[in-house]
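Written below as structure tokens is the structure these notes are about.
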Amino acid sequence: MQQQTVKIQPKSVFLAQPRGFCAGVERAIEIVERSIEVFGAPVYVRHEIVHNKHVVEGLKQKGAVFIKEVEDAPDGALLIFSAHGVSKKVQEDGKQRGLRVMDATCPLVTKVHLELLRHYANGDQIILIGHQGHPEVEGTMGQAPEGAVLLVSDPEDVTNLIVNDENKLAFVTQTTLSVDDTKDVIAALQTRFPNIQAPKKEDICYATSNRQMAVKDLAKVSDLILVVGSPNSSNSNRLREVAEKEGCKAYLIENAQAITSAMLEGKENIGVTAGASAPEVLIEEVVSLLSQHDKNIVSTRETIEENVHFSIPKELKA
């Protein structure tokens with residue numbers, strides 16, 4: 001696709017740091033790539049490994065085949081579960097099929113799963129704060145039998161909850177939510193159910209929190225913030241929402257081709273960030289387009305240093 005001409009050039013482009021890939025996404029992509037190298041193509045991946053079309057298309061070219069359900073994988077195939085995690089039923093389906101399974105679930109999502117299972121084993125009813133229909137939410141709710149986990153998305157949902165025993169409740173959280181919005185839901189839960197058990201450590205992942213913090217910093221100096229990410233990426237959508245709550249106009253864009261002159265009209269200081277599943281190459285293309293290759297107008301605003309790394313399964317290590 002030919003790159004369009006941006007008619008209005010900003011005076012400053014500010015890059016958020018941290019931005020883009022998190023350790024869980026890097027691990028998931030590496031698992032797919034190493035599986036292809038070690039076991040040969042094709043390998044089968046249930047759903048998008050991460051929510052980014054550029055990443056998915058790149059892995060397809062290397063030999064990954066993306067499928068909807070376990071039953072879509074041929075007999076004897078290598079099947080990889082996405083970074084968002086899967087339900088117990090999906091795991092069992094893979095075993096019953098006799099497939100070789102590689103689990104790319106983010107370790108921080110696995111932490112939430114284990115937390116939920118611990119509460120379920122103790123006889124607690126669990127409330128999950130999350131967005132209905134998101135793959136991570138489906139996988140998390142599917143760790144326990146149907147009805148054992150209740151889903152809430154906002155404080156209003158808390159008002160309508162019907163629970164078995166107010167003194168036997170616990171909550172867990174989707175890892176990619178807005179930190180500020182989730183605080184409001186937690187406050188509503190704790191107000192209505194004073195004895196509800198909270199996670200020992202916040203479930204919203206470090207990368208989600210850090211990228212939202214970086215966006216708040218960008219909003220201080222920007223007239224407009226562009227968030228690079230896919231429309232179905234939860235954490236990318238939350239970044240756009242955080243920017244707008246800070247009083248800064250923001251757009252969620254998939255790539256540089258999505259930028260229009262109308263977006264930039266009257267905007268002199270442009271902030272750029274990216275969701276945790278957006279590769280750096282897409283960010284570089286956006287910055288190149290905005291700056292018209294004038295590096296003098298581009299600067300990075302670092303809010304916190306990240307040095308998290310998750311290891312891959314031992315059978316994939318060289």
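Chains: A, B, ... in order of the structure tokens. Residues: from 1 per chain. Ligands: from 1, in order shown.
For A:Lys62, the non-local neighbours within 9 Å, defined as residues at least 6 positions apart in the same chain or in other chains and counting only C-alpha atoms, are A:Glu33, A:Ile36, A:Ala41, A:Pro42.
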- Task: Find the residues near A:Arg211: any atom within 12 Å, counting only C-alpha atoms, skip ones fewer than 3 places away on the same chain, and give them as a PyMOL selection string.
- Result: chain A and resi 15-22+176-179+204-208+214-218+227+235-240+242-243+272-277+301-306
Produce a file of the selected residues containing C-alpha atoms, as an mmCIF file, in the first residue's frame.
data_model
loop_
_atom_site.group_PDB
_atom_site.id
_atom_site.type_symbol
_atom_site.label_atom_id
_atom_site.label_comp_id
_atom_site.auth_asym_id
_atom_site.auth_seq_id
_atom_site.Cartn_x
_atom_site.Cartn_y
_atom_site.Cartn_z
ATOM 1 C CA LEU A 15 7.155 8.701 21.850
ATOM 2 C CA ALA A 16 5.885 6.941 24.969
ATOM 3 C CA GLN A 17 8.272 4.657 26.795
ATOM 4 C CA PRO A 18 7.358 1.933 27.622
ATOM 5 C CA ARG A 19 5.212 1.071 24.618
ATOM 6 C CA GLY A 20 4.487 -1.913 22.382
ATOM 7 C CA PHE A 21 5.392 -5.525 23.048
ATOM 8 C CA CYS A 22 5.269 -6.835 26.612
ATOM 9 C CA THR A 176 -5.585 -5.732 30.420
ATOM 10 C CA LEU A 177 -8.132 -3.357 31.958
ATOM 11 C CA SER A 178 -7.964 0.344 32.703
ATOM 12 C CA VAL A 179 -6.302 0.734 36.095
ATOM 13 C CA ILE A 204 -3.723 -5.976 36.044
ATOM 14 C CA CYS A 205 -0.368 -6.759 34.484
ATOM 15 C CA TYR A 206 2.715 -4.591 34.852
ATOM 16 C CA ALA A 207 2.755 -3.799 31.107
ATOM 17 C CA THR A 208 -0.848 -2.582 31.083
ATOM 18 C CA ALA A 214 3.139 6.523 30.025
ATOM 19 C CA VAL A 215 -0.003 7.717 28.206
ATOM 20 C CA LYS A 216 -0.920 9.979 31.122
ATOM 21 C CA ASP A 217 2.545 11.496 30.807
ATOM 22 C CA LEU A 218 2.113 11.944 27.041
ATOM 23 C CA VAL A 227 -2.338 4.581 19.849
ATOM 24 C CA ASN A 235 -5.135 -2.981 26.304
ATOM 25 C CA SER A 236 -4.856 -0.784 23.179
ATOM 26 C CA ASN A 237 -8.455 0.382 23.562
ATOM 27 C CA ARG A 238 -7.801 1.156 27.200
ATOM 28 C CA LEU A 239 -4.815 3.342 26.231
ATOM 29 C CA ARG A 240 -7.031 5.445 23.978
ATOM 30 C CA VAL A 242 -6.967 6.772 29.300
ATOM 31 C CA ALA A 243 -5.665 9.486 26.971
ATOM 32 C CA VAL A 272 2.573 8.136 19.928
ATOM 33 C CA THR A 273 2.231 4.919 21.893
ATOM 34 C CA ALA A 274 1.271 1.319 21.188
ATOM 35 C CA GLY A 275 -0.601 -1.526 22.792
ATOM 36 C CA ALA A 276 1.259 -4.521 24.191
ATOM 37 C CA SER A 277 0.695 -6.606 21.044
ATOM 38 C CA ARG A 301 9.444 10.376 27.186
ATOM 39 C CA GLU A 302 10.479 7.536 29.467
ATOM 40 C CA THR A 303 8.314 7.014 32.544
ATOM 41 C CA ILE A 304 9.530 3.647 33.802
ATOM 42 C CA GLU A 305 12.093 1.053 32.767
ATOM 43 C CA GLU A 306 10.903 -2.479 31.973
#
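You can rank A:Asp75, A:Glu265, A:Glu138, A:Glu57 by their closest distance to A:Ser87 using only C-alpha atoms, and at the top of that list sits A:Glu138.
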- Message: With DSSP run on the backbone, what are the strand (DSSP E) residues within stretch 14-257 of chain A? I'd like them as a PyMOL selection string.
- Response: chain A and resi 14-17+43-46+64-67+78-81+100-103+125-129+149-152+169-173+224-228+249-253
Write a file of the selected residues as a compact mmCIF listing (two decimals), in the first residue's frame, keeping C-alpha atoms.
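That gives us selection.txt:
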# COMPACT_ATOMS: atom_id res chain seq x y z
CA PHE A 14 6.58 12.45 21.52
CA LEU A 15 7.15 8.70 21.85
CA ALA A 16 5.88 6.94 24.97
CA GLN A 17 8.27 4.66 26.79
CA VAL A 43 1.83 -25.61 13.49
CA TYR A 44 -1.75 -24.80 14.50
CA VAL A 45 -2.70 -21.88 16.74
CA ARG A 46 -6.12 -21.64 18.37
CA ALA A 64 1.50 -21.02 11.42
CA VAL A 65 -2.14 -21.91 10.72
CA PHE A 66 -4.73 -20.09 12.82
CA ILE A 67 -7.89 -22.02 13.68
CA LEU A 78 1.04 -29.45 17.13
CA LEU A 79 -1.52 -27.09 18.70
CA ILE A 80 -0.60 -23.82 20.41
CA PHE A 81 -2.90 -21.97 22.80
CA ARG A 100 0.81 -32.22 21.02
CA VAL A 101 -0.06 -29.02 22.89
CA MET A 102 2.14 -26.00 23.49
CA ASP A 103 0.67 -23.44 25.90
CA GLN A 125 -17.69 -17.74 44.82
CA ILE A 126 -15.50 -15.73 42.43
CA ILE A 127 -16.27 -12.42 40.78
CA LEU A 128 -14.25 -11.61 37.67
CA ILE A 129 -13.83 -7.98 36.65
CA VAL A 149 -17.63 -17.25 38.37
CA LEU A 150 -19.68 -14.06 38.05
CA LEU A 151 -18.63 -11.36 35.58
CA VAL A 152 -18.82 -7.61 36.19
CA LEU A 169 -16.58 -14.10 47.99
CA ALA A 170 -13.35 -13.28 46.16
CA PHE A 171 -12.55 -11.24 43.06
CA VAL A 172 -9.97 -11.49 40.29
CA THR A 173 -9.35 -9.19 37.33
CA LEU A 224 -3.26 14.44 20.13
CA ILE A 225 -2.25 10.87 20.97
CA LEU A 226 -2.12 8.09 18.40
CA VAL A 227 -2.34 4.58 19.85
CA VAL A 228 -0.99 1.89 17.53
CA LYS A 249 -7.87 13.68 21.86
CA ALA A 250 -6.81 10.16 20.87
CA TYR A 251 -7.23 7.71 18.01
CA LEU A 252 -6.63 3.97 17.89
CA ILE A 253 -4.91 3.18 14.57
- Query: Using only C-alpha atoms, which residues sit within 12 Å of A:His47 once same-chain residues fewer than 4 positions away are excluded, as a ChimeraX atom specification?
  - Reply: /A:51-53,56,64-70,72-73,79-86,90,104,134-136
Give me, as a PDB file with N, CA and C atoms, in the first residue's frame, all polymer residues having an atom no more than 12 Å from A:Thr191, counting only C-alpha atoms and skipping those fewer than 5 positions away in the same chain.
ATOM      1  N   PRO A 155     -19.191  -0.468  37.816  1.00  0.00           N
ATOM      2  CA  PRO A 155     -19.825  -0.402  39.143  1.00  0.00           C
ATOM      3  C   PRO A 155     -21.312  -0.721  39.128  1.00  0.00           C
ATOM      4  N   VAL A 158     -22.168  -4.302  39.683  1.00  0.00           N
ATOM      5  CA  VAL A 158     -22.025  -4.761  41.074  1.00  0.00           C
ATOM      6  C   VAL A 158     -23.365  -4.650  41.802  1.00  0.00           C
ATOM      7  N   THR A 159     -24.112  -3.606  41.509  1.00  0.00           N
ATOM      8  CA  THR A 159     -25.413  -3.384  42.156  1.00  0.00           C
ATOM      9  C   THR A 159     -26.373  -4.532  41.895  1.00  0.00           C
ATOM     10  N   GLU A 166     -22.375 -13.717  51.033  1.00  0.00           N
ATOM     11  CA  GLU A 166     -21.574 -12.493  51.028  1.00  0.00           C
ATOM     12  C   GLU A 166     -20.247 -12.650  51.767  1.00  0.00           C
ATOM     13  N   ASP A 184     -12.586   1.734  40.425  1.00  0.00           N
ATOM     14  CA  ASP A 184     -13.978   2.089  40.726  1.00  0.00           C
ATOM     15  C   ASP A 184     -14.831   0.836  40.944  1.00  0.00           C
ATOM     16  N   VAL A 185     -14.597  -0.199  40.119  1.00  0.00           N
ATOM     17  CA  VAL A 185     -15.357  -1.442  40.272  1.00  0.00           C
ATOM     18  C   VAL A 185     -14.984  -2.128  41.584  1.00  0.00           C
ATOM     19  N   ILE A 186     -13.691  -2.154  41.893  1.00  0.00           N
ATOM     20  CA  ILE A 186     -13.237  -2.764  43.143  1.00  0.00           C
ATOM     21  C   ILE A 186     -13.841  -2.034  44.345  1.00  0.00           C
ATOM     22  N   ILE A 196     -15.248  -9.275  51.027  1.00  0.00           N
ATOM     23  CA  ILE A 196     -14.755  -9.895  49.811  1.00  0.00           C
ATOM     24  C   ILE A 196     -13.228  -9.955  49.823  1.00  0.00           C
TER      25      ILE A 196
END
Determine which residues of stretch 22-213 of chain A DSSP labels as helix (DSSP H, G or I) from the backbone of this structure, then write them out as a compact mmCIF listing (two decimals) with N, CA and C atoms, in the first residue's frame.
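That gives us selection-v5.txt:
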# COMPACT_ATOMS: atom_id res chain seq x y z
N ALA A 23 6.36 -8.64 27.79
CA ALA A 23 7.07 -9.92 27.90
C ALA A 23 6.17 -11.10 27.55
N GLY A 24 4.87 -11.02 27.89
CA GLY A 24 3.95 -12.11 27.57
C GLY A 24 3.74 -12.28 26.08
N VAL A 25 3.65 -11.15 25.37
CA VAL A 25 3.49 -11.19 23.91
C VAL A 25 4.77 -11.70 23.26
N GLU A 26 5.91 -11.20 23.71
CA GLU A 26 7.18 -11.67 23.15
C GLU A 26 7.33 -13.18 23.33
N ARG A 27 6.94 -13.67 24.50
CA ARG A 27 7.03 -15.11 24.77
C ARG A 27 6.11 -15.89 23.84
N ALA A 28 4.87 -15.43 23.67
CA ALA A 28 3.91 -16.14 22.83
C ALA A 28 4.39 -16.23 21.38
N ILE A 29 4.88 -15.12 20.86
CA ILE A 29 5.38 -15.11 19.48
C ILE A 29 6.59 -16.03 19.35
N GLU A 30 7.48 -15.97 20.33
CA GLU A 30 8.67 -16.83 20.29
C GLU A 30 8.29 -18.30 20.33
N ILE A 31 7.25 -18.65 21.10
CA ILE A 31 6.80 -20.04 21.16
C ILE A 31 6.35 -20.53 19.79
N VAL A 32 5.61 -19.69 19.07
CA VAL A 32 5.16 -20.09 17.73
C VAL A 32 6.35 -20.22 16.79
N GLU A 33 7.24 -19.24 16.79
CA GLU A 33 8.39 -19.27 15.88
C GLU A 33 9.31 -20.45 16.18
N ARG A 34 9.57 -20.69 17.45
CA ARG A 34 10.46 -21.80 17.82
C ARG A 34 9.80 -23.15 17.55
N SER A 35 8.48 -23.24 17.72
CA SER A 35 7.77 -24.48 17.43
C SER A 35 7.91 -24.84 15.95
N ILE A 36 7.83 -23.82 15.09
CA ILE A 36 8.00 -24.05 13.65
C ILE A 36 9.42 -24.52 13.36
N GLU A 37 10.40 -23.90 14.01
CA GLU A 37 11.81 -24.27 13.79
C GLU A 37 12.11 -25.68 14.29
N VAL A 38 11.57 -26.02 15.46
CA VAL A 38 11.90 -27.30 16.09
C VAL A 38 11.11 -28.45 15.49
N PHE A 39 9.81 -28.25 15.27
CA PHE A 39 8.94 -29.34 14.84
C PHE A 39 8.54 -29.27 13.37
N LYS A 53 -2.95 -7.94 13.69
CA LYS A 53 -2.99 -8.53 12.36
C LYS A 53 -1.59 -8.65 11.75
N HIS A 54 -0.75 -7.65 11.97
CA HIS A 54 0.59 -7.67 11.41
C HIS A 54 1.38 -8.88 11.94
N VAL A 55 1.27 -9.11 13.23
CA VAL A 55 1.96 -10.25 13.85
C VAL A 55 1.40 -11.56 13.31
N VAL A 56 0.07 -11.66 13.25
CA VAL A 56 -0.57 -12.89 12.79
C VAL A 56 -0.17 -13.20 11.34
N GLU A 57 -0.21 -12.19 10.48
CA GLU A 57 0.14 -12.41 9.07
C GLU A 57 1.60 -12.83 8.93
N GLY A 58 2.48 -12.24 9.75
CA GLY A 58 3.88 -12.61 9.71
C GLY A 58 4.11 -14.06 10.10
N LEU A 59 3.37 -14.52 11.10
CA LEU A 59 3.50 -15.91 11.55
C LEU A 59 2.88 -16.88 10.53
N LYS A 60 1.82 -16.44 9.86
CA LYS A 60 1.24 -17.28 8.80
C LYS A 60 2.28 -17.55 7.71
N GLN A 61 3.03 -16.53 7.35
CA GLN A 61 4.04 -16.68 6.30
C GLN A 61 5.15 -17.64 6.71
N LYS A 62 5.36 -17.77 8.01
CA LYS A 62 6.40 -18.68 8.50
C LYS A 62 5.92 -20.11 8.66
N VAL A 70 -10.25 -26.37 18.72
CA VAL A 70 -9.36 -27.52 18.75
C VAL A 70 -9.72 -28.53 17.66
N GLU A 71 -11.02 -28.70 17.43
CA GLU A 71 -11.47 -29.69 16.46
C GLU A 71 -11.03 -29.37 15.03
N ASP A 72 -10.60 -28.13 14.79
CA ASP A 72 -10.16 -27.74 13.46
C ASP A 72 -8.73 -28.17 13.16
N LYS A 88 -10.60 -24.81 30.87
CA LYS A 88 -10.29 -26.20 31.17
C LYS A 88 -10.85 -27.12 30.08
N LYS A 89 -12.02 -26.78 29.55
CA LYS A 89 -12.63 -27.60 28.52
C LYS A 89 -11.77 -27.63 27.26
N VAL A 90 -11.25 -26.49 26.86
CA VAL A 90 -10.39 -26.44 25.68
C VAL A 90 -9.13 -27.26 25.91
N GLN A 91 -8.56 -27.15 27.10
CA GLN A 91 -7.38 -27.96 27.43
C GLN A 91 -7.71 -29.45 27.33
N GLU A 92 -8.86 -29.83 27.86
CA GLU A 92 -9.27 -31.23 27.84
C GLU A 92 -9.54 -31.72 26.42
N ASP A 93 -10.12 -30.84 25.60
CA ASP A 93 -10.36 -31.19 24.19
C ASP A 93 -9.06 -31.54 23.49
N GLY A 94 -8.01 -30.78 23.78
CA GLY A 94 -6.71 -31.05 23.18
C GLY A 94 -6.15 -32.39 23.61
N LYS A 95 -6.33 -32.73 24.90
CA LYS A 95 -5.85 -34.01 25.41
C LYS A 95 -6.60 -35.17 24.77
N GLN A 96 -7.92 -35.02 24.69
CA GLN A 96 -8.74 -36.10 24.13
C GLN A 96 -8.42 -36.35 22.66
N ARG A 97 -8.02 -35.30 21.95
CA ARG A 97 -7.64 -35.46 20.56
C ARG A 97 -6.26 -36.09 20.41
N PRO A 107 2.17 -15.84 31.49
CA PRO A 107 2.28 -16.26 32.89
C PRO A 107 1.46 -15.41 33.85
N LEU A 108 1.21 -14.16 33.51
CA LEU A 108 0.41 -13.31 34.40
C LEU A 108 -1.07 -13.66 34.31
N VAL A 109 -1.50 -14.16 33.16
CA VAL A 109 -2.87 -14.69 33.04
C VAL A 109 -2.98 -16.00 33.81
N THR A 110 -1.95 -16.84 33.69
CA THR A 110 -1.92 -18.09 34.44
C THR A 110 -2.01 -17.83 35.94
N LYS A 111 -1.36 -16.78 36.40
CA LYS A 111 -1.43 -16.39 37.82
C LYS A 111 -2.87 -16.15 38.25
N VAL A 112 -3.64 -15.48 37.39
CA VAL A 112 -5.05 -15.22 37.71
C VAL A 112 -5.83 -16.53 37.74
N HIS A 113 -5.54 -17.42 36.78
CA HIS A 113 -6.20 -18.73 36.74
C HIS A 113 -5.96 -19.50 38.04
N LEU A 114 -4.72 -19.53 38.49
CA LEU A 114 -4.38 -20.27 39.70
C LEU A 114 -5.03 -19.66 40.93
N GLU A 115 -5.11 -18.33 40.93
CA GLU A 115 -5.76 -17.61 42.03
C GLU A 115 -7.24 -17.99 42.09
N LEU A 116 -7.88 -17.99 40.93
CA LEU A 116 -9.29 -18.35 40.85
C LEU A 116 -9.51 -19.78 41.34
N LEU A 117 -8.65 -20.69 40.89
CA LEU A 117 -8.80 -22.10 41.28
C LEU A 117 -8.60 -22.29 42.78
N ARG A 118 -7.71 -21.53 43.36
CA ARG A 118 -7.48 -21.62 44.80
C ARG A 118 -8.75 -21.21 45.56
N HIS A 119 -9.38 -20.13 45.11
CA HIS A 119 -10.62 -19.69 45.77
C HIS A 119 -11.73 -20.71 45.56
N TYR A 120 -11.81 -21.26 44.36
CA TYR A 120 -12.86 -22.24 44.08
C TYR A 120 -12.69 -23.47 44.97
N ALA A 121 -11.45 -23.91 45.15
CA ALA A 121 -11.16 -25.07 46.00
C ALA A 121 -11.53 -24.79 47.46
N PRO A 135 -11.31 -13.06 24.83
CA PRO A 135 -10.75 -14.40 24.99
C PRO A 135 -10.16 -14.67 26.37
N GLU A 136 -9.52 -13.67 26.96
CA GLU A 136 -8.94 -13.88 28.28
C GLU A 136 -10.04 -14.12 29.32
N VAL A 137 -11.12 -13.39 29.20
CA VAL A 137 -12.24 -13.56 30.13
C VAL A 137 -12.87 -14.94 29.97
N GLU A 138 -13.05 -15.37 28.72
CA GLU A 138 -13.62 -16.70 28.48
C GLU A 138 -12.73 -17.79 29.06
N GLY A 139 -11.42 -17.64 28.89
CA GLY A 139 -10.49 -18.63 29.42
C GLY A 139 -10.48 -18.64 30.94
N THR A 140 -10.54 -17.45 31.54
CA THR A 140 -10.50 -17.35 33.00
C THR A 140 -11.77 -17.91 33.62
N MET A 141 -12.93 -17.53 33.07
CA MET A 141 -14.19 -18.04 33.60
C MET A 141 -14.28 -19.56 33.43
N PRO A 155 -19.19 -0.47 37.82
CA PRO A 155 -19.82 -0.40 39.14
C PRO A 155 -21.31 -0.72 39.13
N GLU A 156 -22.00 -0.38 38.02
CA GLU A 156 -23.44 -0.65 37.94
C GLU A 156 -23.72 -2.16 37.98
N ASP A 157 -22.82 -2.95 37.39
CA ASP A 157 -22.99 -4.40 37.42
C ASP A 157 -22.95 -4.94 38.85
N VAL A 158 -22.17 -4.30 39.68
CA VAL A 158 -22.03 -4.76 41.07
C VAL A 158 -23.37 -4.65 41.80
N THR A 159 -24.11 -3.61 41.51
CA THR A 159 -25.41 -3.38 42.16
C THR A 159 -26.37 -4.53 41.89
N VAL A 179 -6.61 0.74 34.66
CA VAL A 179 -6.30 0.73 36.09
C VAL A 179 -7.31 1.59 36.86
N ASP A 180 -7.59 2.78 36.33
CA ASP A 180 -8.49 3.70 37.03
C ASP A 180 -9.92 3.19 37.08
N ASP A 181 -10.42 2.67 35.94
CA ASP A 181 -11.78 2.15 35.90
C ASP A 181 -11.95 0.95 36.82
N THR A 182 -10.93 0.10 36.86
CA THR A 182 -11.00 -1.09 37.69
C THR A 182 -11.05 -0.73 39.17
N LYS A 183 -10.36 0.33 39.54
CA LYS A 183 -10.40 0.80 40.94
C LYS A 183 -11.83 1.14 41.34
N ASP A 184 -12.59 1.73 40.43
CA ASP A 184 -13.98 2.09 40.73
C ASP A 184 -14.83 0.84 40.94
N VAL A 185 -14.60 -0.20 40.12
CA VAL A 185 -15.36 -1.44 40.27
C VAL A 185 -14.98 -2.13 41.58
N ILE A 186 -13.69 -2.15 41.89
CA ILE A 186 -13.24 -2.76 43.14
C ILE A 186 -13.84 -2.03 44.34
N ALA A 187 -13.87 -0.71 44.27
CA ALA A 187 -14.45 0.08 45.36
C ALA A 187 -15.92 -0.27 45.55
N ALA A 188 -16.65 -0.45 44.43
CA ALA A 188 -18.06 -0.81 44.51
C ALA A 188 -18.25 -2.19 45.13
N LEU A 189 -17.37 -3.13 44.75
CA LEU A 189 -17.43 -4.48 45.32
C LEU A 189 -17.16 -4.45 46.82
N GLN A 190 -16.14 -3.71 47.22
CA GLN A 190 -15.77 -3.69 48.63
C GLN A 190 -16.77 -2.93 49.48
N THR A 191 -17.48 -1.99 48.86
CA THR A 191 -18.53 -1.26 49.59
C THR A 191 -19.73 -2.17 49.83
N ARG A 192 -20.11 -2.91 48.79
CA ARG A 192 -21.29 -3.78 48.91
C ARG A 192 -20.97 -5.06 49.69
N TYR A 206 1.76 -5.69 34.76
CA TYR A 206 2.72 -4.59 34.85
C TYR A 206 2.74 -3.78 33.55
N ALA A 207 2.66 -4.47 32.40
CA ALA A 207 2.76 -3.80 31.11
C ALA A 207 1.55 -2.90 30.87
N THR A 208 0.36 -3.38 31.22
CA THR A 208 -0.85 -2.58 31.08
C THR A 208 -0.75 -1.33 31.95
N SER A 209 -0.36 -1.50 33.20
CA SER A 209 -0.24 -0.37 34.12
C SER A 209 0.81 0.62 33.64
N ASN A 210 1.97 0.12 33.22
CA ASN A 210 3.06 0.98 32.78
C ASN A 210 2.69 1.78 31.53
N ARG A 211 2.03 1.13 30.58
CA ARG A 211 1.67 1.83 29.35
C ARG A 211 0.59 2.88 29.59
N GLN A 212 -0.30 2.61 30.54
CA GLN A 212 -1.30 3.62 30.89
C GLN A 212 -0.65 4.81 31.60
N MET A 213 0.34 4.53 32.43
CA MET A 213 1.08 5.60 33.10
C MET A 213 1.82 6.47 32.08
